[in-house]
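Have a look at coords09.cif below; it lists mmCIF, C-alpha atoms.
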```cif
data_upload
#
loop_
_atom_site.label_atom_id
_atom_site.label_comp_id
_atom_site.auth_asym_id
_atom_site.auth_seq_id
_atom_site.Cartn_x
_atom_site.Cartn_y
_atom_site.Cartn_z
CA LEU A 228 0.00 0.00 0.00
CA THR A 229 2.68 2.49 0.94
CA ALA A 230 4.73 1.65 -2.17
CA ARG A 231 1.72 2.24 -4.39
CA TYR A 232 0.29 5.22 -2.51
CA PRO A 233 3.08 7.27 -0.92
CA GLN A 234 0.53 9.56 0.78
CA ILE A 235 -0.13 6.69 3.22
CA HIS A 236 2.12 7.16 6.24
CA THR A 237 2.96 4.29 8.57
CA GLN A 238 3.96 4.39 12.20
CA ASN A 239 5.02 1.78 14.73
CA ILE A 240 3.08 2.57 17.92
CA GLY A 241 4.41 -0.29 20.03
CA GLN A 242 5.08 -4.01 20.16
CA SER A 243 3.03 -7.09 20.92
CA ILE A 244 3.94 -9.59 23.64
CA LEU A 245 6.08 -11.51 21.11
CA GLY A 246 7.74 -8.33 19.86
CA GLN A 247 5.77 -7.84 16.67
CA PRO A 248 5.36 -4.21 15.61
CA LEU A 249 1.94 -2.65 16.05
CA HIS A 250 1.47 -0.64 12.87
CA THR A 251 -0.82 2.24 12.05
CA LEU A 252 -1.47 3.70 8.61
CA THR A 253 -2.63 7.30 8.16
CA PHE A 254 -4.17 8.73 5.00
CA GLY A 255 -5.63 12.19 4.60
CA ALA A 256 -4.71 15.85 4.93
CA GLY A 257 -7.66 17.18 6.92
CA ASP A 258 -7.98 18.58 10.41
CA THR A 259 -10.62 16.04 11.47
CA SER A 260 -9.09 12.80 12.76
CA VAL A 261 -10.87 9.44 12.49
CA PHE A 262 -9.66 6.08 13.77
CA PHE A 263 -10.48 2.54 12.66
CA ASN A 264 -9.07 -0.51 14.47
CA ALA A 265 -9.42 -4.23 13.80
CA SER A 266 -8.54 -7.61 15.30
CA HIS A 267 -8.56 -6.84 18.99
CA HIS A 268 -9.79 -10.44 19.09
CA ALA A 269 -7.65 -13.12 17.51
CA ASN A 270 -10.37 -15.24 15.94
CA GLU A 271 -11.99 -12.13 14.44
CA TRP A 272 -9.02 -11.61 12.10
CA ILE A 273 -11.31 -11.26 9.06
CA THR A 274 -11.77 -7.63 10.17
CA THR A 275 -8.14 -6.83 9.27
CA PRO A 276 -8.58 -7.30 5.49
CA VAL A 277 -11.86 -5.39 5.76
CA VAL A 278 -10.18 -2.18 6.91
CA LEU A 279 -7.11 -2.65 4.69
CA THR A 280 -9.22 -3.26 1.59
CA PHE A 281 -11.14 -0.09 2.38
CA LEU A 282 -7.91 1.88 2.65
CA GLU A 283 -6.74 0.47 -0.68
CA GLN A 284 -10.01 1.34 -2.42
CA TYR A 285 -10.06 4.81 -0.85
CA ALA A 286 -6.45 5.57 -1.82
CA ASN A 287 -7.11 4.34 -5.36
CA ALA A 288 -10.19 6.58 -5.61
CA VAL A 289 -8.16 9.61 -4.55
CA ALA A 290 -5.36 8.75 -6.98
CA SER A 291 -7.75 8.26 -9.89
CA GLY A 292 -10.05 11.16 -9.04
CA SER A 293 -13.08 8.90 -8.65
CA THR A 294 -15.76 8.63 -6.00
CA LEU A 295 -15.90 6.43 -2.94
CA TYR A 296 -19.41 5.15 -2.20
CA ASP A 297 -20.67 8.03 -4.37
CA LEU A 298 -18.77 10.48 -2.16
CA PRO A 299 -16.04 12.77 -3.55
CA SER A 300 -12.87 11.00 -2.46
CA ASP A 301 -10.60 14.03 -2.82
CA ALA A 302 -12.88 16.14 -0.63
CA LEU A 303 -12.76 13.43 2.03
CA TYR A 304 -8.97 13.30 1.75
CA GLN A 305 -8.65 17.08 2.14
CA THR A 306 -11.04 17.17 5.13
CA VAL A 307 -10.24 14.06 7.17
CA ALA A 308 -7.09 12.29 8.39
CA LEU A 309 -7.89 8.58 8.72
CA THR A 310 -5.68 6.45 10.97
CA ILE A 311 -6.04 2.66 10.92
CA ALA A 312 -4.63 0.11 13.36
CA PRO A 313 -5.35 -2.96 11.24
CA LEU A 314 -3.95 -5.68 13.50
CA VAL A 315 -4.21 -4.90 17.21
CA ASN A 316 -3.51 -8.50 18.28
CA PRO A 317 -0.92 -9.95 15.85
CA ASP A 318 0.25 -12.75 18.15
CA GLY A 319 -3.26 -14.03 18.76
CA VAL A 320 -4.10 -13.87 15.06
CA ASP A 321 -0.96 -15.85 14.25
CA LEU A 322 -2.08 -18.48 16.75
CA VAL A 323 -5.58 -18.82 15.28
CA THR A 324 -4.45 -18.83 11.64
CA GLY A 325 -1.77 -21.46 12.22
CA TYR A 326 1.31 -19.31 11.74
CA LEU A 327 2.41 -20.30 15.23
CA ASP A 328 2.76 -24.07 15.06
CA GLU A 329 3.25 -26.66 17.79
CA ALA A 330 7.03 -26.26 17.66
CA ASN A 331 6.73 -22.64 18.78
CA PRO A 332 7.05 -22.06 22.56
CA ALA A 333 4.24 -19.47 22.36
CA PHE A 334 1.92 -22.14 20.97
CA ALA A 335 2.77 -24.44 23.85
CA SER A 336 2.09 -21.69 26.38
CA ALA A 337 -1.27 -20.85 24.81
CA SER A 338 -2.16 -24.52 24.60
CA ALA A 339 -1.52 -24.90 28.33
CA ILE A 340 -3.87 -21.99 29.01
CA ALA A 341 -6.50 -23.47 26.71
CA ASN A 342 -6.30 -26.85 28.46
CA THR A 343 -7.84 -25.24 31.55
CA TYR A 344 -10.87 -24.20 29.46
CA ARG A 345 -11.59 -27.39 27.54
CA ASN A 346 -15.06 -26.25 26.49
CA ILE A 347 -13.47 -23.60 24.23
CA PRO A 348 -12.08 -25.08 21.00
CA PHE A 349 -8.38 -24.49 20.44
CA PRO A 350 -7.05 -22.59 18.65
CA GLU A 351 -10.15 -21.45 16.75
CA GLY A 352 -11.90 -20.27 19.92
CA TRP A 353 -8.97 -18.08 20.99
CA LYS A 354 -9.79 -14.34 21.27
CA ALA A 355 -7.13 -13.16 23.70
CA ASN A 356 -3.59 -11.95 23.20
CA ILE A 357 -0.89 -14.61 23.38
CA ARG A 358 -0.75 -14.59 27.18
CA GLY A 359 -4.46 -15.03 27.65
CA VAL A 360 -5.76 -11.49 28.21
CA ASP A 361 -8.81 -10.29 26.32
CA LEU A 362 -7.59 -6.97 24.94
CA ASN A 363 -11.08 -5.52 24.56
CA LEU A 364 -11.62 -5.99 28.30
CA ASN A 365 -8.38 -4.28 29.29
CA TYR A 366 -9.28 -0.57 29.06
CA PRO A 367 -9.96 1.68 32.08
CA ALA A 368 -13.72 2.03 31.63
CA GLU A 369 -15.46 0.39 34.60
CA TRP A 370 -12.80 -2.32 34.39
CA ALA A 371 -13.59 -3.57 37.89
CA THR A 372 -17.18 -4.22 36.82
CA ALA A 373 -15.96 -6.21 33.83
CA ARG A 374 -13.71 -8.19 36.17
CA GLU A 375 -16.62 -8.97 38.48
CA ILE A 376 -18.80 -10.16 35.58
CA LYS A 377 -16.10 -12.29 33.94
CA TYR A 378 -14.80 -13.75 37.20
CA ALA A 379 -18.34 -14.87 37.99
CA LEU A 380 -18.34 -16.72 34.66
CA GLY A 381 -15.11 -18.51 35.58
CA PHE A 382 -12.65 -16.35 33.63
CA ASN A 383 -10.48 -15.40 36.61
CA ARG A 384 -7.09 -16.29 35.14
CA PRO A 385 -5.46 -16.27 31.70
CA ALA A 386 -7.92 -17.76 29.25
CA PRO A 387 -8.68 -18.02 25.54
CA ARG A 388 -11.23 -15.24 26.03
CA ASP A 389 -12.87 -12.99 28.65
CA PHE A 390 -9.98 -12.62 31.11
CA VAL A 391 -9.65 -8.91 31.85
CA GLY A 392 -5.98 -8.98 32.85
CA ALA A 393 -4.26 -8.13 36.11
CA SER A 394 -5.13 -4.45 35.79
CA PRO A 395 -6.38 -1.95 33.22
CA LEU A 396 -3.86 -1.50 30.39
CA SER A 397 -1.77 -4.40 31.65
CA GLU A 398 -1.08 -5.42 28.03
CA PRO A 399 1.25 -3.67 25.56
CA GLU A 400 -1.33 -3.85 22.77
CA SER A 401 -4.06 -2.02 24.70
CA ARG A 402 -1.51 0.47 26.07
CA ALA A 403 -0.43 1.29 22.52
CA LEU A 404 -3.99 2.13 21.39
CA HIS A 405 -4.64 4.06 24.59
CA ALA A 406 -1.55 6.22 24.09
CA LEU A 407 -2.29 6.73 20.39
CA SER A 408 -5.80 7.93 21.16
CA LEU A 409 -4.62 10.36 23.82
CA ARG A 410 -2.18 11.87 21.32
CA HIS A 411 -4.64 12.24 18.45
CA HIS A 412 -8.00 13.14 20.07
CA PHE A 413 -9.97 11.43 17.29
CA SER A 414 -13.40 12.82 16.46
CA LEU A 415 -14.87 9.37 15.71
CA THR A 416 -13.72 5.77 16.03
CA LEU A 417 -14.80 2.40 14.63
CA SER A 418 -13.68 -0.81 16.34
CA TYR A 419 -14.12 -3.84 14.10
CA HIS A 420 -15.19 -7.16 15.59
CA ALA A 421 -17.15 -10.25 14.54
CA GLN A 422 -19.95 -11.35 14.48
CA GLY A 423 -23.68 -10.41 14.41
CA GLU A 424 -24.16 -7.62 11.84
CA VAL A 425 -24.83 -5.07 14.56
CA ILE A 426 -23.42 -1.71 15.64
CA PHE A 427 -23.03 -0.90 19.33
CA TRP A 428 -22.94 2.81 20.04
CA GLN A 429 -23.32 3.72 23.71
CA PHE A 430 -21.55 3.34 27.04
CA LEU A 431 -23.61 3.43 30.23
CA ASP A 432 -25.44 6.76 30.53
CA TYR A 433 -22.76 8.89 28.84
CA HIS A 434 -24.53 11.19 26.42
CA VAL A 435 -22.45 11.53 23.26
CA PRO A 436 -23.62 14.44 21.10
CA GLN A 437 -24.74 13.06 17.72
CA GLY A 438 -23.72 9.56 18.79
CA GLU A 439 -27.05 7.87 18.13
CA GLN A 440 -27.83 9.91 15.01
CA ILE A 441 -24.48 9.13 13.37
CA GLY A 442 -24.81 5.52 14.47
CA GLN A 443 -28.14 5.26 12.70
CA GLN A 444 -26.65 6.69 9.52
CA LEU A 445 -23.88 4.09 9.69
CA ALA A 446 -26.52 1.42 10.21
CA ASP A 447 -28.48 2.67 7.21
CA ALA A 448 -25.36 2.56 5.04
CA SER A 449 -24.53 -1.03 6.05
CA GLY A 450 -27.85 -2.72 6.69
CA TYR A 451 -26.63 -3.55 10.19
CA ALA A 452 -28.81 -2.96 13.25
CA LEU A 453 -27.97 -0.19 15.72
CA GLU A 454 -28.27 -1.73 19.17
CA ASP A 455 -27.50 -1.13 22.82
CA THR A 456 -24.51 -3.07 24.09
CA PRO A 457 -25.45 -6.24 26.06
CA TYR A 458 -24.81 -5.70 29.77
CA ASN A 459 -22.20 -8.44 30.15
CA SER A 460 -20.19 -6.87 27.31
CA SER A 461 -20.69 -3.27 28.35
CA PHE A 462 -17.45 -2.55 30.18
CA ALA A 463 -13.69 -2.11 29.69
CA GLY A 464 -13.71 -2.11 25.88
CA TYR A 465 -11.95 0.39 23.65
CA LYS A 466 -15.26 1.97 22.58
CA ASP A 467 -16.29 2.31 26.23
CA TRP A 468 -13.05 3.98 27.24
CA PHE A 469 -13.09 6.33 24.25
CA ILE A 470 -16.65 7.51 24.97
CA GLN A 471 -15.90 7.92 28.66
CA THR A 472 -12.71 9.89 27.99
CA PHE A 473 -13.63 12.08 25.01
CA LEU A 474 -17.44 12.03 24.84
CA LYS A 475 -17.19 11.59 21.07
CA PRO A 476 -18.92 9.03 18.82
CA SER A 477 -17.33 5.59 19.02
CA TYR A 478 -18.77 2.37 17.63
CA THR A 479 -18.17 -1.34 17.81
CA ILE A 480 -18.99 -2.90 14.44
CA GLU A 481 -19.78 -6.62 14.55
CA VAL A 482 -19.38 -8.00 11.02
CA GLY A 483 -20.80 -11.17 9.48
CA ARG A 484 -22.78 -14.00 10.99
CA GLY A 485 -21.78 -17.36 12.37
CA THR A 486 -18.99 -18.64 14.58
CA SER A 487 -15.63 -16.93 14.62
CA PRO A 488 -13.32 -17.29 12.85
CA LEU A 489 -15.77 -16.53 10.07
CA PRO A 490 -15.01 -18.25 6.76
CA VAL A 491 -13.21 -16.24 4.10
CA ALA A 492 -16.19 -16.94 1.84
CA GLN A 493 -18.08 -14.29 3.85
CA PHE A 494 -15.52 -11.60 3.10
CA PRO A 495 -17.07 -10.21 -0.11
CA GLN A 496 -20.45 -9.67 1.56
CA ILE A 497 -18.88 -8.27 4.71
CA TYR A 498 -16.87 -5.81 2.68
CA ARG A 499 -19.87 -4.75 0.59
CA ASP A 500 -21.80 -4.09 3.80
CA ASN A 501 -19.00 -2.05 5.35
CA LEU A 502 -17.71 0.00 2.43
CA GLY A 503 -20.54 2.50 2.80
CA LEU A 504 -20.33 2.43 6.59
CA MET A 505 -16.64 3.38 6.61
CA ALA A 506 -17.05 5.98 3.88
CA MET A 507 -19.97 7.56 5.75
CA ALA A 508 -17.89 7.66 8.93
CA LEU A 509 -15.35 9.82 7.09
CA PHE A 510 -18.05 11.98 5.56
CA LEU A 511 -19.89 12.58 8.85
CA ALA A 512 -16.89 13.08 11.14
CA PRO A 513 -16.31 16.79 10.30
CA SER A 514 -19.86 17.56 11.46
CA ILE A 515 -19.15 16.37 15.00
CA GLU A 516 -19.30 19.12 17.58
CA LYS A 517 -15.86 20.30 18.60
#
```

What would the structure in this file look like if it were written as structure tokens?
Amino acid sequence: LTARYPQIHTQNIGQSILGQPLHTLTFGAGDTSVFFNASHHANEWITTPVVLTFLEQYANAVASGSTLYDLPSDALYQTVALTIAPLVNPDGVDLVTGYLDEANPAFASASAIANTYRNIPFPEGWKANIRGVDLNLNYPAEWATAREIKYALGFNRPAPRDFVGASPLSEPESRALHALSLRHHFSLTLSYHAQGEVIFWQFLDYHVPQGEQIGQQLADASGYALEDTPYNSSFAGYKDWFIQTFLKPSYTIEVGRGTSPLPVAQFPQIYRDNLGLMAMALFLAPSIEK
């Protein structure tokens, strides 16, 4: 992408547990900053090609002077700076996709964790980072409540999913996104997950100006339902922390339907559903109250 479109700037914002770089890509010259992230959860890796394919199509539209979802791509580029963290959890994704094989010590460590939760298939049921912390339960947004809920369900130690960690921001991956967000003060964020074809938009009783209205426009563009977050999933996620901290629109997008990891055969439909959603997020972001 960066070789083909030199306007795309990359940055290394940190490292994973296994030392893999956590990359971001930024495209756009505007004063309004928007943030997309994908693959907090390892077995939801299909979200990474969703956001990267969007960036490729968007950059191509700008280069060729064409539209993006019937929107003027150059006007979007001049108005908005889009930053994408396409692979928040690279170690976990490598585990689920088979890149880490049984000869790798990290595989053995994860397998030992999984053996204490035999009802969760391994490795396909793995959502956590490589040391068994669910990254989307590791942000300082009512983290203690998330801990209480997940401990009651038996996730009180490293696990393939739903373990909140020893403390908020205990993991390098969540710390990297936290620090990035504090530096940039994004106007709007999308966090990509799977599955359910729904958009979650609120956190507790925080009133986000335009949050529901923009959420409904994103829902209209995608065909997804705009819904309240289920109580047991309502705490310590990136969206929750962002709303609590900045009181700006932030959404969790749950793509596709089925059991994660979703089959690659779903990718074309998932991308068709989300092209308009992501383009509308860029289009609507400048209207957000400063």

Atom-to-atom span, CA of Ser487 in chain A and CA of Leu509 in chain A, Å: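 If I compute the distance from CA of Ser487 in chain A to CA of Leu509 in chain A, I get 27.8 Å.
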
Pick from A:Tyr232, A:Val315, A:Gln305, A:Ala286, whichever lies nearest to Ile244 in chain A using all atoms listed in the file: A:Val315

Any chance you could tabulate, as JSON lines, the residues of range 410-516 of chain A at most 10 Å from range 393-403 of chain A with each one's nearest atom pair and distance in Å to one decimal, using all atoms listed in the file, in chain and rising number order?
```
{"residue": "A:Ala463", "atom": "CA", "partner": "A:Pro395", "partner_atom": "CA", "distance": 8.1}
{"residue": "A:Gly464", "atom": "CA", "partner": "A:Ser401", "partner_atom": "CA", "distance": 9.7}
{"residue": "A:Tyr465", "atom": "CA", "partner": "A:Ser401", "partner_atom": "CA", "distance": 8.3}
```

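CA of Ala506 in chain A sits 11.7 Å away from CA of Ala288 in chain A.
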
Counting all atoms listed in the file, the residue of A:Pro367, A:Pro436, A:Pro387, A:Gly483 that sits nearest Phe462 in chain A: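 Checking each candidate against Phe462 in chain A, we get A:Pro367 as the closest.
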
Residues matched by the PyMOL selection byres ((chain A and resi 240) around 6) as JSON, numbers by chain: {"A": [239, 241, 249, 403]}

Given the PyMOL selection byres ((chain A and resi 272) around 9), the residues it picks as a PyMOL selection string: chain A and resi 265-271+273-276+314+316+320+323-324+420-421+487-489

Selection near Gln422 in chain A, 7 Å with all atoms listed in the file, sequence-local residues under 2 positions removed, as a PyMOL selection string: chain A and resi 420+424+481-485

Nearby residues (all atoms listed in the file) at most 10 Å from Ile357 in chain A, same-chain spacing under 3 positions excluded, as a ChimeraX atom specification: /A:243-245,269,316-322,333-334,336-337,340,353-354,360-361,385-387

Result set of the PyMOL selection byres ((chain A and resi 505) around 9) on the coordinates above, as a list in words: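 Taken on the displayed file, the PyMOL selection byres ((chain A and resi 505) around 9) yields the residues Phe263, Val278, Phe281, Leu417, Leu445, Ala448, Asn501, Leu502, Gly503, Leu504, Ala506, Met507, Ala508, Leu509 and Phe510 of chain A.
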
Distance in Å - CA of Gln284 in chain A versus CA of Phe413 in chain A: 22.1 Å

Shell of 12 Å around Tyr285 in chain A, all atoms listed in the file, local chain residues under 2 positions omitted, as a VMD selection string: chain A and resid 228 232 234 to 235 253 to 255 278 to 283 287 to 304 309 502 to 503 505 to 506 509

Pick from A:Ala446, A:Ala230, A:Leu474, A:Leu409, whichever lies nearest to His434 in chain A using all atoms listed in the file: A:Leu474

Best match for closeness to Phe390 in chain A among A:Ile497, A:Ile480, A:Val307, A:Ala355, counting only C-alpha atoms: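 Closest to Phe390 in chain A of all the choices is A:Ala355.
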